[in-house]
Every structure is written in C-alpha cells, then in structure tokens.
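Okay, entry13.cif now, which holds mmCIF, C-alpha atoms:
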data_model
loop_
_atom_site.label_atom_id
_atom_site.label_comp_id
_atom_site.auth_asym_id
_atom_site.auth_seq_id
_atom_site.Cartn_x
_atom_site.Cartn_y
_atom_site.Cartn_z
CA MET K 156 0.17 6.60 15.94
CA ALA K 157 -1.48 3.19 15.59
CA GLU K 158 -4.89 4.84 15.84
CA ASN K 159 -4.07 7.10 12.89
CA ASN K 160 -3.08 4.11 10.75
CA ASP K 161 -6.26 2.24 11.68
CA GLN K 162 -8.35 5.30 10.91
CA ARG K 163 -6.70 5.72 7.51
CA TYR K 164 -7.90 2.27 6.42
CA ARG K 165 -11.44 2.97 7.59
CA SER K 166 -11.86 5.96 5.32
CA ARG K 167 -14.27 5.80 2.42
CA THR K 168 -11.67 7.37 0.16
CA PHE K 169 -9.21 4.53 0.81
CA TRP K 170 -11.81 1.90 -0.09
CA MET K 171 -12.86 3.85 -3.19
CA VAL K 172 -9.24 3.98 -4.37
CA LEU K 173 -8.82 0.27 -3.64
CA ILE K 174 -12.00 -0.66 -5.56
CA PHE K 175 -11.01 1.48 -8.56
CA THR K 176 -7.53 -0.05 -8.50
CA VAL K 177 -9.01 -3.55 -8.64
CA LEU K 178 -11.44 -2.46 -11.38
CA ALA K 179 -8.64 -0.94 -13.47
CA THR K 180 -6.55 -4.09 -12.98
CA VAL K 181 -9.42 -6.31 -14.13
CA LEU K 182 -10.02 -4.09 -17.17
CA CYS K 183 -6.32 -4.27 -18.01
CA ALA K 184 -6.30 -8.05 -17.63
CA LEU K 185 -9.33 -8.33 -19.93
CA GLY K 186 -7.64 -6.13 -22.52
CA ARG K 187 -10.13 -3.25 -22.21
CA ILE K 188 -7.36 -0.78 -21.30
CA GLU K 189 -3.69 -0.97 -22.16
CA GLY K 190 -0.75 -0.85 -19.75
CA PRO K 191 -0.04 2.90 -20.12
CA GLY K 192 -3.73 3.65 -19.49
CA TRP K 193 -3.64 1.50 -16.35
CA ILE K 194 -0.57 3.37 -15.10
CA THR K 195 -2.29 6.72 -15.71
CA VAL K 196 -5.42 5.62 -13.85
CA ILE K 197 -3.44 4.30 -10.87
CA LEU K 198 -1.23 7.41 -10.65
CA GLY K 199 -4.30 9.65 -10.84
CA LEU K 200 -6.10 7.66 -8.15
CA PHE K 201 -3.22 7.72 -5.72
CA ALA K 202 -2.40 11.38 -6.42
CA GLY K 203 -6.00 12.32 -5.73
CA TRP K 204 -6.11 10.21 -2.58
CA GLN K 205 -2.90 11.71 -1.21
CA GLY K 206 -4.04 15.21 -2.16
CA ARG K 207 -7.25 14.71 -0.22
CA ARG K 208 -5.36 13.37 2.79
CA TYR K 209 -3.03 16.38 2.65
CA ALA K 210 -5.98 18.78 2.56
CA ASP K 211 -7.67 16.98 5.48
CA ASN K 212 -4.49 17.05 7.53
CA LYS K 213 -3.93 20.74 6.75
CA LEU K 214 -7.49 21.59 7.80
CA ALA K 215 -7.07 19.61 11.04
CA ALA K 216 -3.76 21.36 11.79
CA ASN K 217 -5.26 24.81 11.15
CA GLY K 218 -8.25 23.99 13.34
CA GLU K 219 -6.13 23.28 16.41
#

Could I get this file's structure written as structure tokens?
Amino acid sequence: MAENNDQRYRSRTFWMVLIFTVLATVLCALGRIEGPGWITVILGLFAGWQGRRYADNKLAANGE
C-alpha cells in the first residue's frame, strides 16, 4: 500500500495538477481571475486527475 501512495506522488499528472493549482492561486491573488473562476479551475483539474487515475486503475485491473 505504501508503494502505491509513493507512486501516486511521482506521477507527471500529479505534478501537473499541483503546478496548475499554484498558477491558478497566484492568478486569483493577483486579481486576474475571480473566486468562482478559481473554484471552477480547481474542480476541473481534480476531476480530470481523478478520472485519469480511475481509467489507469481500470486498465490495470482488466490487464490482470
């Protein structure tokens, strides 16, 4: 189980989501996007990330 958690944080998708979260937060702090826009971006990022993880896990389960 610990190996799965470590592997999750090594994925490129995780780091991409983290970088875009920081970028959206900075843009919100600078007033370039408003609060509702920030919420939409964050929800979209995390929904996409979880959807990709679900698809990867489903492919791995079907491959066994």

Residue with the minimum atom-to-atom distance to Phe175 (chain K), picked from K:Gly203, K:Ile197, K:Arg187, K:Asn217 with all atoms listed in the file counted, is K:Ile197

re CA of Trp193 (chain K) and CA of Met171 (chain K): distance 16.2 Å

Review point. Written as a list in words, which residues does the PyMOL selection byres ((chain K and resi 208) around 12) give for the file shown?
Key: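 Checked against the file, the PyMOL selection byres ((chain K and resi 208) around 12) matches Asn159, Gln162, Arg163, Tyr164, Ser166, Arg167, Thr168, Phe169, Phe201, Ala202, Gly203, Trp204, Gln205, Gly206, Arg207, Tyr209, Ala210, Asp211, Asn212, Lys213, Leu214 and Ala215 of chain K.
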
Practice item. Using CA of Ala184 (chain K) and CA of Leu198 (chain K) as the two end points, give the distance in Å to one decimal. Key: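 According to the coordinates, CA of Ala184 (chain K) and CA of Leu198 (chain K) are separated by 17.7 Å.
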
Build an axis-aligned box that encloses every atom of region 189-204 of chain K listed in the file, pad it by 4 Å on each side, and report its centre and edge lengths in Å to one decimal, as AutoDock Vina command-line options.
--center_x -3.1 --center_y 5.7 --center_z -12.4 --size_x 14.1 --size_y 21.3 --size_z 27.6

Skipping near chain neighbours, those fewer than 5 positions away, what residues fall within 12 Å of Thr195 (chain K) using all atoms listed in the file, listed as a CSV table (one decimal) with C-alpha atoms, in the coordinates of the input?
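Produced file out35.csv, reproduced below:
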chain,number,residue,atom,x,y,z
K,176,THR,CA,-7.5,0.0,-8.5
K,179,ALA,CA,-8.6,-0.9,-13.5
K,180,THR,CA,-6.6,-4.1,-13.0
K,183,CYS,CA,-6.3,-4.3,-18.0
K,188,ILE,CA,-7.4,-0.8,-21.3
K,189,GLU,CA,-3.7,-1.0,-22.2
K,190,GLY,CA,-0.8,-0.8,-19.8
K,200,LEU,CA,-6.1,7.7,-8.2
K,201,PHE,CA,-3.2,7.7,-5.7
K,202,ALA,CA,-2.4,11.4,-6.4
